[in-house]
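For reference, the structure discussed in these notes is given below.
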Amino acid sequence: MKNKIDEILLTFRKNGGRITAQRRALVSLILENPDCSCKELYYIAKAKDSCVGRATVYRTVHSLEEFGVRQSAR
């Protein structure tokens, strides 16, 4: 899974995104919970790191969808 995380983070970098500790943690969390909604991912992330913002989760998921890495959870 580490290779997949690195591959996704490289995609962020190629598209002008920064690689932050929160983004790295969120990508890992999203890969571990592929069927969770943004709201569910936010609550999981918030439990692990109280500094994670809702907008960060939504922006990260949106970016992954734009890159074709994640399908929208319904």
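In the structure tokens, chains take letters A, B, ... by order of appearance, with residues numbered from 1 within each chain and ligands from 1 in the order shown.
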
Notebook entry, point to check: Skipping near chain neighbours, those fewer than 4 positions away, what residues fall within 12 Å of segment 47-57 of chain A using only C-alpha atoms, listed as JSON, numbers by chain?
Noted result: {"A": [20, 21, 22, 23, 24, 25, 26, 27, 29, 30, 36, 37, 38, 39, 40, 41, 42, 43, 61, 62, 63, 64]}

Margin query: as a ChimeraX atom specification, please: every residue in chain A that a backbone DSSP assignment puts in helix (DSSP H, G or I).
Written below: /A:2-14,21-32,38-48,54-67

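Across A:Ile44, A:Asp35, A:Asn3, A:Thr11, the tightest approach to Gly68 of chain A is made by A:Thr11 when counting only C-alpha atoms.
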
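Going from atom CA of Phe67 of chain A over to atom CA of Leu10 of chain A, you cover 11.3 Å.
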
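In this comparison, which uses only C-alpha atoms, the residue of A:Lys46, A:Asn33, A:Val69, A:Thr60 approaching Glu7 of chain A most closely is A:Val69.
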
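Nearest to Lys2 of chain A of all the residues A:Ala45, A:Arg59, A:Lys14, A:Leu31 is A:Leu31, counting only C-alpha atoms.
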
Item checked: Within 10 Å of Met1 of chain A using only C-alpha atoms, minus same-chain residues under 3 positions, as an NGL selection string -> :A and (4-7 or 28 or 31-32)
